[in-house]
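What's in coords.txt: compact mmCIF, C-alpha atoms and all ligand atoms
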```txt
# COMPACT_ATOMS: atom_id res chain seq x y z
CA MET A 852 118.82 127.50 1.39
CA ASN A 853 116.30 130.12 2.45
CA PRO A 854 118.55 132.59 4.33
CA THR A 855 115.91 133.04 7.04
CA THR A 856 116.43 129.45 8.20
CA ASP A 857 120.11 130.19 8.87
CA PRO A 858 120.51 131.91 12.26
CA ALA A 859 124.05 133.04 11.44
CA ALA A 860 122.81 134.89 8.33
CA VAL A 861 119.96 136.54 10.24
CA LEU A 862 122.30 137.52 13.08
CA THR A 863 124.89 138.96 10.68
CA THR A 864 122.23 141.28 9.24
CA LEU A 865 121.01 142.31 12.70
CA ILE A 866 124.50 143.01 14.12
CA ARG A 867 125.25 145.29 11.16
CA CYS A 868 122.36 147.54 12.29
CA PRO A 869 123.85 149.93 14.89
CA SER A 870 120.82 149.88 17.21
CA VAL A 871 122.31 151.32 20.40
CA THR A 872 119.36 152.38 22.60
CA PRO A 873 117.32 154.42 21.66
CA ALA A 874 118.31 154.13 17.94
CA GLU A 875 116.34 151.64 15.83
CA GLY A 876 119.40 151.42 13.58
CA GLY A 877 117.59 149.44 10.89
CA ALA A 878 117.28 146.37 13.14
CA LEU A 879 113.48 146.25 13.34
CA ALA A 880 113.17 147.01 9.62
CA ALA A 881 115.52 144.08 8.92
CA LEU A 882 113.49 141.85 11.21
CA GLU A 883 110.35 142.76 9.30
CA THR A 884 112.00 141.74 6.02
CA PHE A 885 112.70 138.31 7.53
CA LEU A 886 109.25 137.83 9.08
CA ALA A 887 106.87 139.21 6.44
CA PRO A 888 107.76 136.62 3.73
CA LEU A 889 107.08 133.85 6.27
CA GLY A 890 103.51 135.10 6.56
CA PHE A 891 103.77 137.25 9.67
CA HIS A 892 101.62 140.34 10.02
CA VAL A 893 104.06 142.98 11.26
CA ASP A 894 103.35 146.21 13.18
CA ARG A 895 106.02 148.67 14.24
CA PRO A 896 104.43 151.03 16.78
CA VAL A 897 106.40 154.00 18.11
CA PHE A 898 105.84 154.97 21.76
CA SER A 899 106.59 158.32 23.39
CA GLU A 900 106.73 159.78 26.83
CA PRO A 901 107.87 163.24 27.90
CA GLY A 902 111.49 163.23 29.04
CA THR A 903 112.44 160.01 27.23
CA PRO A 904 113.30 159.39 23.56
CA ASP A 905 110.64 158.01 21.20
CA ILE A 906 111.12 154.28 20.70
CA GLU A 907 110.21 152.03 17.81
CA ASN A 908 108.99 148.52 18.63
CA LEU A 909 107.81 145.50 16.64
CA TYR A 910 104.92 143.09 17.05
CA ALA A 911 104.60 140.30 14.49
CA ARG A 912 102.04 137.52 14.50
CA ILE A 913 101.36 134.49 12.37
CA SER A 914 98.01 132.83 12.96
CA GLY A 915 96.61 129.40 12.97
CA ASN A 916 93.82 128.14 15.22
CA GLY A 917 94.75 127.23 18.76
CA PRO A 918 97.06 128.38 21.51
CA HIS A 919 99.20 131.48 21.21
CA LEU A 920 102.93 131.44 21.95
CA MET A 921 104.89 134.66 22.34
CA PHE A 922 108.60 135.03 21.83
CA ALA A 923 109.91 138.24 23.41
CA GLY A 924 113.15 140.16 23.21
CA HIS A 925 114.94 143.35 22.26
CA THR A 926 116.99 144.53 19.30
CA ASP A 927 118.54 147.48 21.11
CA VAL A 928 122.08 147.03 22.39
CA VAL A 929 124.30 148.69 24.98
CA PRO A 930 127.00 151.14 23.78
CA VAL A 931 130.26 149.68 22.46
CA GLY A 932 132.47 151.48 24.99
CA ASP A 933 136.03 152.02 23.78
CA GLU A 934 135.75 150.97 20.12
CA ALA A 935 139.54 150.89 19.74
CA SER A 936 139.77 148.00 22.18
CA TRP A 937 137.52 145.74 20.05
CA ARG A 938 139.56 143.22 18.03
CA HIS A 939 136.57 142.89 15.66
CA PRO A 940 134.44 145.94 14.81
CA PRO A 941 131.32 146.02 17.00
CA PHE A 942 128.89 146.34 14.06
CA GLY A 943 130.92 144.23 11.59
CA ALA A 944 129.64 140.72 12.38
CA GLU A 945 133.08 139.33 11.53
CA VAL A 946 133.53 135.58 11.75
CA SER A 947 136.65 134.17 13.35
CA ASN A 948 137.33 130.60 14.59
CA GLY A 949 133.68 129.67 14.50
CA PHE A 950 132.47 132.76 16.36
CA ILE A 951 130.46 135.76 15.13
CA TYR A 952 131.62 139.00 16.75
CA GLY A 953 129.60 142.12 17.41
CA ARG A 954 127.49 144.06 19.88
CA GLY A 955 124.28 142.15 20.56
CA ALA A 956 125.70 138.77 19.45
CA VAL A 957 124.35 137.15 22.62
CA ASP A 958 122.34 140.01 24.22
CA MET A 959 120.15 139.46 22.38
CA LYS A 960 120.13 139.70 18.60
CA GLY A 961 121.50 136.14 18.61
CA GLY A 962 118.46 134.86 20.50
CA ILE A 963 116.13 136.65 18.08
CA ALA A 964 118.02 135.25 15.06
CA CYS A 965 117.63 131.71 16.44
CA PHE A 966 113.93 132.22 17.03
CA VAL A 967 113.37 133.58 13.51
CA ALA A 968 115.31 130.66 12.01
CA ALA A 969 113.42 128.17 14.18
CA VAL A 970 110.02 129.50 13.04
CA ALA A 971 111.18 129.54 9.41
CA ARG A 972 112.34 125.91 9.63
CA TYR A 973 109.15 124.89 11.43
CA ILE A 974 106.97 126.44 8.73
CA GLU A 975 109.13 124.95 5.96
CA ARG A 976 108.67 121.49 7.46
CA ASN A 977 105.12 121.63 8.85
CA GLY A 978 103.32 124.61 7.32
CA LEU A 979 101.48 126.96 9.66
CA PRO A 980 101.65 126.04 13.36
CA LYS A 981 98.58 124.63 15.14
CA GLY A 982 98.14 127.97 16.81
CA SER A 983 99.63 131.44 16.74
CA VAL A 984 103.20 132.58 17.14
CA SER A 985 104.05 136.18 17.86
CA LEU A 986 107.30 138.09 18.28
CA LEU A 987 107.16 140.97 20.73
CA ILE A 988 110.39 142.87 20.18
CA THR A 989 111.30 146.19 21.76
CA GLY A 990 113.99 148.75 21.06
CA ASP A 991 114.02 149.88 24.69
CA GLU A 992 115.26 147.17 27.02
CA GLU A 993 118.80 148.35 27.71
CA GLY A 994 117.67 151.98 28.25
CA PRO A 995 114.94 153.45 30.43
CA ALA A 996 112.53 150.64 29.40
CA VAL A 997 109.66 153.14 29.47
CA ASN A 998 108.58 153.03 25.80
CA GLY A 999 109.26 149.33 25.37
CA THR A 1000 107.83 145.97 26.42
CA ALA A 1001 105.38 147.35 29.02
CA LYS A 1002 103.69 149.66 26.50
CA LEU A 1003 103.92 147.11 23.68
CA LEU A 1004 102.07 144.52 25.78
CA ASP A 1005 99.44 147.08 26.71
CA TRP A 1006 99.09 148.17 23.06
CA ALA A 1007 98.71 144.57 21.82
CA ALA A 1008 96.30 143.62 24.60
CA LYS A 1009 94.10 146.60 23.69
CA MET A 1010 93.92 145.21 20.13
CA GLY A 1011 92.55 142.01 21.63
CA GLU A 1012 95.75 139.97 21.76
CA THR A 1013 95.99 137.27 24.44
CA TRP A 1014 98.81 134.79 24.97
CA ASP A 1015 99.07 131.35 26.52
CA ALA A 1016 102.81 131.29 27.14
CA ALA A 1017 105.94 133.33 26.49
CA VAL A 1018 109.65 132.66 26.08
CA VAL A 1019 112.15 135.49 26.50
CA GLY A 1020 115.37 134.92 24.56
CA GLU A 1021 117.80 136.65 26.95
CA PRO A 1022 121.16 134.92 27.43
CA THR A 1023 120.33 132.79 30.49
CA ASN A 1024 123.16 130.26 30.34
CA PRO A 1025 126.14 131.14 32.57
CA GLY A 1026 128.72 128.81 31.00
CA ALA A 1027 127.36 126.57 28.25
CA LEU A 1028 124.14 126.15 26.28
CA GLY A 1029 121.79 123.98 28.35
CA ASP A 1030 122.86 125.28 31.77
CA MET A 1031 119.85 127.24 32.87
CA ILE A 1032 116.23 128.20 32.26
CA LYS A 1033 114.96 131.14 34.29
CA ILE A 1034 111.49 130.54 35.68
CA GLY A 1035 111.20 133.68 37.77
CA ARG A 1036 113.02 136.71 38.99
CA ARG A 1037 113.55 138.44 42.30
CA GLY A 1038 111.92 141.81 42.79
CA SER A 1039 113.85 145.03 43.10
CA VAL A 1040 113.27 148.30 44.95
CA SER A 1041 115.64 151.23 45.40
CA GLY A 1042 115.56 154.16 47.76
CA THR A 1043 117.53 156.99 49.32
CA ILE A 1044 117.56 157.98 52.99
CA VAL A 1045 118.14 161.66 53.74
CA VAL A 1046 119.19 162.54 57.30
CA THR A 1047 119.01 166.19 58.35
CA GLY A 1048 121.29 167.40 61.13
CA LYS A 1049 122.48 170.77 62.29
CA GLN A 1050 125.68 172.22 60.86
CA GLY A 1051 128.38 173.31 63.29
CA HIS A 1052 132.04 173.44 64.32
CA ALA A 1053 133.71 170.06 64.63
CA ALA A 1054 135.32 171.20 67.91
CA TYR A 1055 131.92 172.09 69.40
CA PRO A 1056 129.82 168.99 68.63
CA HIS A 1057 127.44 169.62 71.55
CA LEU A 1058 126.13 172.64 69.58
CA ALA A 1059 125.48 170.67 66.37
CA ASP A 1060 123.68 167.47 65.26
CA ASN A 1061 125.94 165.32 63.13
CA PRO A 1062 123.82 163.62 60.41
CA VAL A 1063 126.72 161.25 59.65
CA ARG A 1064 126.15 159.59 63.03
CA GLY A 1065 122.51 159.23 62.03
CA ILE A 1066 123.14 157.80 58.58
CA VAL A 1067 125.56 155.21 60.01
CA THR A 1068 122.93 154.09 62.52
CA LEU A 1069 120.22 153.81 59.86
CA VAL A 1070 122.44 152.02 57.32
CA GLU A 1071 123.43 149.51 60.01
CA ALA A 1072 119.75 148.85 60.72
CA LEU A 1073 119.12 148.19 57.02
CA MET A 1074 121.91 145.66 56.71
CA HIS A 1075 121.24 143.59 59.88
CA PRO A 1076 119.65 141.22 60.59
CA ALA A 1077 119.10 139.29 57.34
CA PHE A 1078 115.64 139.79 55.83
CA ASP A 1079 115.11 136.05 55.36
CA ALA A 1080 117.03 132.84 54.74
CA GLY A 1081 115.80 132.29 51.18
CA THR A 1082 112.88 130.12 50.03
CA ALA A 1083 112.44 126.89 48.11
CA ASP A 1084 112.62 128.77 44.79
CA PHE A 1085 114.67 131.86 45.60
CA GLN A 1086 117.95 132.89 47.15
CA PRO A 1087 117.85 135.11 50.29
CA THR A 1088 116.68 138.70 50.00
CA ASN A 1089 119.68 141.02 49.83
CA LEU A 1090 120.08 144.72 50.47
CA GLU A 1091 123.13 146.57 49.20
CA VAL A 1092 123.94 150.10 50.23
CA THR A 1093 125.09 151.59 46.94
CA SER A 1094 126.24 155.04 48.07
CA ILE A 1095 126.72 157.16 51.18
CA ASP A 1096 127.04 160.84 50.41
CA VAL A 1097 127.87 163.85 52.56
CA GLY A 1098 129.78 166.05 50.15
CA ASN A 1099 131.66 167.84 52.89
CA ALA A 1100 135.29 168.74 52.14
CA ALA A 1101 136.01 170.66 55.37
CA THR A 1102 137.49 168.77 58.31
CA ASN A 1103 136.37 171.35 60.87
CA VAL A 1104 132.70 171.44 59.90
CA ILE A 1105 129.94 169.09 60.97
CA PRO A 1106 127.71 168.84 57.87
CA ALA A 1107 124.00 169.61 57.76
CA LYS A 1108 122.87 166.62 55.70
CA ALA A 1109 123.85 163.05 54.83
CA THR A 1110 122.24 160.63 52.38
CA ALA A 1111 122.50 156.92 51.68
CA SER A 1112 121.12 155.01 48.69
CA PHE A 1113 120.32 151.32 48.60
CA ASN A 1114 118.87 148.59 46.39
CA VAL A 1115 117.02 145.51 47.64
CA ARG A 1116 116.62 142.31 45.62
CA PHE A 1117 113.80 140.46 47.34
CA ASN A 1118 112.38 136.96 47.08
CA ASP A 1119 108.82 135.62 47.27
CA THR A 1120 108.67 136.12 51.04
CA TRP A 1121 107.89 139.74 50.15
CA THR A 1122 106.11 142.06 47.77
CA ALA A 1123 107.49 145.49 46.86
CA GLU A 1124 105.01 146.96 49.36
CA THR A 1125 105.85 144.65 52.28
CA ILE A 1126 109.61 144.99 51.83
CA GLN A 1127 109.22 148.78 51.77
CA ALA A 1128 107.14 148.58 54.96
CA GLU A 1129 109.81 146.41 56.62
CA ILE A 1130 112.49 148.94 55.68
CA HIS A 1131 110.34 151.77 57.09
CA ASN A 1132 109.93 149.81 60.36
CA ARG A 1133 113.65 149.18 60.68
CA LEU A 1134 114.46 152.83 60.10
CA ASP A 1135 111.74 154.02 62.50
CA ARG A 1136 112.97 151.70 65.26
CA ALA A 1137 116.63 152.62 64.75
CA SER A 1138 115.91 156.33 64.55
CA THR A 1139 114.39 156.61 68.02
CA ARG A 1140 117.48 155.75 70.05
CA ALA A 1141 120.15 157.72 68.22
CA ILE A 1142 122.94 159.97 69.35
CA LEU A 1143 123.69 162.84 67.00
CA ARG A 1144 125.74 164.87 69.47
CA PRO A 1145 127.74 163.80 72.54
CA ASP A 1146 125.71 162.99 75.65
CA ARG A 1147 122.31 163.56 74.11
CA GLU A 1148 119.90 160.97 72.81
CA GLU A 1149 117.28 162.14 70.33
CA PRO A 1150 115.44 160.80 67.30
CA ILE A 1151 117.10 160.97 63.90
CA ARG A 1152 115.27 163.30 61.51
CA PHE A 1153 115.13 161.41 58.23
CA GLU A 1154 113.13 161.02 55.07
CA ILE A 1155 113.06 158.15 52.64
CA GLU A 1156 112.62 158.66 48.90
CA TRP A 1157 111.64 155.58 46.88
CA ARG A 1158 112.69 155.33 43.26
CA ASP A 1159 109.88 154.96 40.72
CA ARG A 1160 108.61 151.65 39.44
CA PRO A 1161 109.65 148.85 41.77
CA SER A 1162 109.86 145.40 40.15
CA GLN A 1163 107.71 142.70 41.71
CA VAL A 1164 109.06 139.23 42.32
CA PHE A 1165 107.51 136.46 40.22
CA LEU A 1166 107.66 132.70 39.81
CA THR A 1167 106.23 130.83 36.82
CA CYS A 1168 104.51 127.55 37.68
CA ASP A 1169 103.29 126.46 34.22
CA GLU A 1170 104.44 122.84 34.13
CA THR A 1171 103.73 122.40 30.41
CA LEU A 1172 105.80 125.41 29.43
CA ILE A 1173 108.70 124.57 31.75
CA GLY A 1174 108.56 120.85 31.02
CA VAL A 1175 108.43 121.14 27.22
CA LEU A 1176 111.25 123.69 27.14
CA SER A 1177 113.41 121.62 29.52
CA LYS A 1178 112.93 118.51 27.38
CA SER A 1179 113.75 120.45 24.20
CA VAL A 1180 116.98 121.69 25.79
CA GLU A 1181 117.84 118.18 26.95
CA ALA A 1182 117.07 116.63 23.55
CA VAL A 1183 119.50 118.98 21.76
CA THR A 1184 122.26 119.51 24.35
CA GLY A 1185 122.05 116.21 26.24
CA ARG A 1186 121.79 118.16 29.50
CA MET A 1187 118.84 118.85 31.78
CA PRO A 1188 118.84 122.61 32.49
CA GLU A 1189 118.72 123.98 36.03
CA LEU A 1190 115.53 125.94 36.77
CA SER A 1191 116.65 129.20 38.34
CA THR A 1192 115.37 132.53 39.64
CA SER A 1193 118.83 134.09 39.99
CA GLY A 1194 120.17 137.31 38.52
CA GLY A 1195 118.69 140.73 37.86
CA THR A 1196 115.37 141.82 36.44
CA SER A 1197 114.34 141.45 32.78
CA ASP A 1198 111.34 142.37 30.65
CA ALA A 1199 109.77 139.09 31.79
CA ARG A 1200 108.63 141.14 34.79
CA PHE A 1201 106.14 142.91 32.50
CA ILE A 1202 105.08 139.80 30.54
CA LYS A 1203 104.22 137.82 33.68
CA ASP A 1204 101.10 139.99 34.07
CA TYR A 1205 99.74 138.61 30.76
CA CYS A 1206 100.81 134.95 30.59
CA PRO A 1207 103.26 132.42 32.06
CA VAL A 1208 106.80 133.34 31.00
CA VAL A 1209 110.19 131.62 31.07
CA GLU A 1210 113.56 132.69 29.73
CA PHE A 1211 116.11 130.73 27.74
CA GLY A 1212 118.70 131.99 25.29
CA LEU A 1213 122.40 131.92 24.53
CA VAL A 1214 125.47 131.92 26.81
CA GLY A 1215 125.87 135.22 28.62
CA GLN A 1216 129.61 135.27 29.19
CA THR A 1217 130.47 138.14 26.80
CA MET A 1218 127.29 140.23 27.12
CA HIS A 1219 127.90 143.99 27.40
CA MET A 1220 131.66 143.34 26.96
CA VAL A 1221 134.20 144.34 24.36
CA ASP A 1222 134.33 141.65 21.61
CA GLU A 1223 130.87 140.26 22.45
CA CYS A 1224 130.59 137.04 20.46
CA VAL A 1225 128.59 133.87 19.92
CA SER A 1226 129.68 130.50 18.61
CA ILE A 1227 127.98 129.48 15.37
CA GLU A 1228 127.53 126.03 16.91
CA ASP A 1229 125.51 127.57 19.77
CA LEU A 1230 123.35 129.47 17.26
CA GLU A 1231 122.60 126.21 15.47
CA MET A 1232 121.83 124.37 18.72
CA LEU A 1233 119.56 127.11 20.08
CA THR A 1234 117.68 127.18 16.78
CA ARG A 1235 117.12 123.43 17.06
CA ILE A 1236 115.98 123.84 20.69
CA TYR A 1237 113.47 126.53 19.75
CA GLU A 1238 112.20 124.57 16.75
CA ARG A 1239 111.68 121.46 18.83
CA PHE A 1240 110.01 123.53 21.53
CA LEU A 1241 107.62 125.04 18.95
CA ALA A 1242 106.64 121.60 17.68
CA ASP A 1243 106.23 120.01 21.11
CA TRP A 1244 104.51 122.97 22.77
CA PHE A 1245 101.83 123.13 20.07
CA GLU A 1246 101.44 119.38 20.40
CA THR A 1247 100.97 119.58 24.19
CA ALA A 1248 99.39 122.96 24.94
ZN ZN A 1301 119.24 141.68 27.03
```

Can I see the file as structure tokens?
Ligand SMILES: [Zn+2]
Amino acid sequence: MNPTTDPAAVLTTLIRCPSVTPAEGGALAALETFLAPLGFHVDRPVFSEPGTPDIENLYARISGNGPHLMFAGHTDVVPVGDEASWRHPPFGAEVSNGFIYGRGAVDMKGGIACFVAAVARYIERNGLPKGSVSLLITGDEEGPAVNGTAKLLDWAAKMGETWDAAVVGEPTNPGALGDMIKIGRRGSVSGTIVVTGKQGHAAYPHLADNPVRGIVTLVEALMHPAFDAGTADFQPTNLEVTSIDVGNAATNVIPAKATASFNVRFNDTWTAETIQAEIHNRLDRASTRAILRPDREEPIRFEIEWRDRPSQVFLTCDETLIGVLSKSVEAVTGRMPELSTSGGTSDARFIKDYCPVVEFGLVGQTMHMVDECVSIEDLEMLTRIYERFLADWFETA
């Protein structure tokens, strides 16, 4: 058998490349050796930006005439953590009881291996597809994500590449293969509120302005009332205060400054701009009627600092893409997958600006954990799902 048609063999090679972000670790080079013999044209552009490590990426395309399908993912992996607590070495790809062990087994070298095997089988059976297939693979998803998918898309688009649909191979299934396709993601914005008071003696509060009183008032205004009740496609918008910091060790001193950080995951009721405006309004309203010292009402002096690069919410409505993938999942697993917008952000947030994008991959239960692993049976099933999807999508699109 051609080893490229065997997802377990491809995955074994990929796991043995220690590609912890930002290291390429040999993973993209290995991927090129699988793809080039199938007829793919492979580019491996390196992107740089001051203050972040240079990152190698891969774009591979095989061309026929007709629609263009992109498969997207990442070969970088998160650190192994305490290596001594792994029962199987994290870059060993050991097989035990039908499972392959190693960092990236499900997130997401496994998904890439299945896609490579699916394309190889498709070509073996049918020859070139009735269209183009490309793999857009970054080495910077688990890190800062600055020199990764966003720049790779921009780079490819400038060369004239356009796509009709994309599948991201992240592990989207919570419990078993066939559970869930992601058809969108909530947006995300983060910020920090800084309240300035006036330092003083804790026994003489009428001579000071306690910023802790202010930060408590503002944080309360952020958390209540609820932003919305959720929409047809998304769960309710949620704000979590992630830290409140004063840094004052003295019990007899009123501090001069207090800060609070928060993260909002917002649904399609909002955009990053409108949710930021709503937060500003809440803080402005709450800040006017505050009490920073006993018996005196005065506005809270605060500033808000937004973190760079908010993620916009998106929802994919391409019925062909969603329908063909759902039917492929059902045909192989016997189960109709739930269409979901749950969870955190992914690189699909960049791809959605170029073409409709959905996400479907392996089972996420062990991702980022010690002894990350994937069942060989799941690898085989996902390969069959992707192969069927390739055939049916080119037939329908
Ligand atoms: Zn991932």

From the set A:Val946, A:Leu889, A:Ile988, A:Ala935, which residue has the shortest atom-to-atom contact distance to A:Ala860, counting all atoms listed in the file? A:Val946

Residues within 8 Å of ligand ZN 1301 (chain A) should be enumerated using all atoms listed in the file and returned as a ChimeraX atom specification. /A:924-925,928,958-959,992-993,1021-1022,1197

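Take the candidates A:Ala874, A:Val1070, A:Ala1123, A:Val1104 and check each one against A:Phe1165 using all atoms listed in the file; the shortest distance goes to A:Ala1123.
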
So the first atom is atom CA of A:Pro940 and the second is atom CA of A:Val1019; what is the distance between them in Å, to one decimal place?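 So the two atoms, atom CA of A:Pro940 and atom CA of A:Val1019, lie 27.3 Å apart.
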
Draw an axis-aligned box over all listed atoms of stretch 1205-1220 of chain A, pad each side with 4 Å, and write its centre and edge lengths in Å, one decimal, as JSON.
```
{"center_x": 115.7, "center_y": 137.4, "center_z": 28.3, "size_x": 39.9, "size_y": 21.3, "size_z": 15.5}
```

Under the rule that all atoms listed in the file are counted, which of A:Thr1122, A:Thr1110, A:Thr855, A:Asn1099 is the nearest residue to A:Val1067?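 Looking at the shortest contact to A:Val1067, the residue is A:Thr1110.
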
Point-to-point distance from atom CA of A:Gly1026 to atom CA of A:Glu1210, Å rounded to tenths: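 One can read the atom CA of A:Gly1026 to atom CA of A:Glu1210 distance as 15.7 Å.
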
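Separating atom CA of A:Asn977 from atom CA of A:Ala1016 is a distance of 20.8 Å.
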
Neighbour list for A:Phe966 as a list in words, cut-off 8 Å, all atoms listed in the file, skip fewer than 5 positions in-chain: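 Neighbouring residues, sequence-local ones excluded: Phe922, Thr1234, Tyr1237 and Glu1238 of chain A.
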
Here is a test: counting all atoms listed in the file, which residue of A:Arg1037, A:Arg1136, A:Arg895, A:Lys1108 is nearest to A:Leu882? A:Arg895
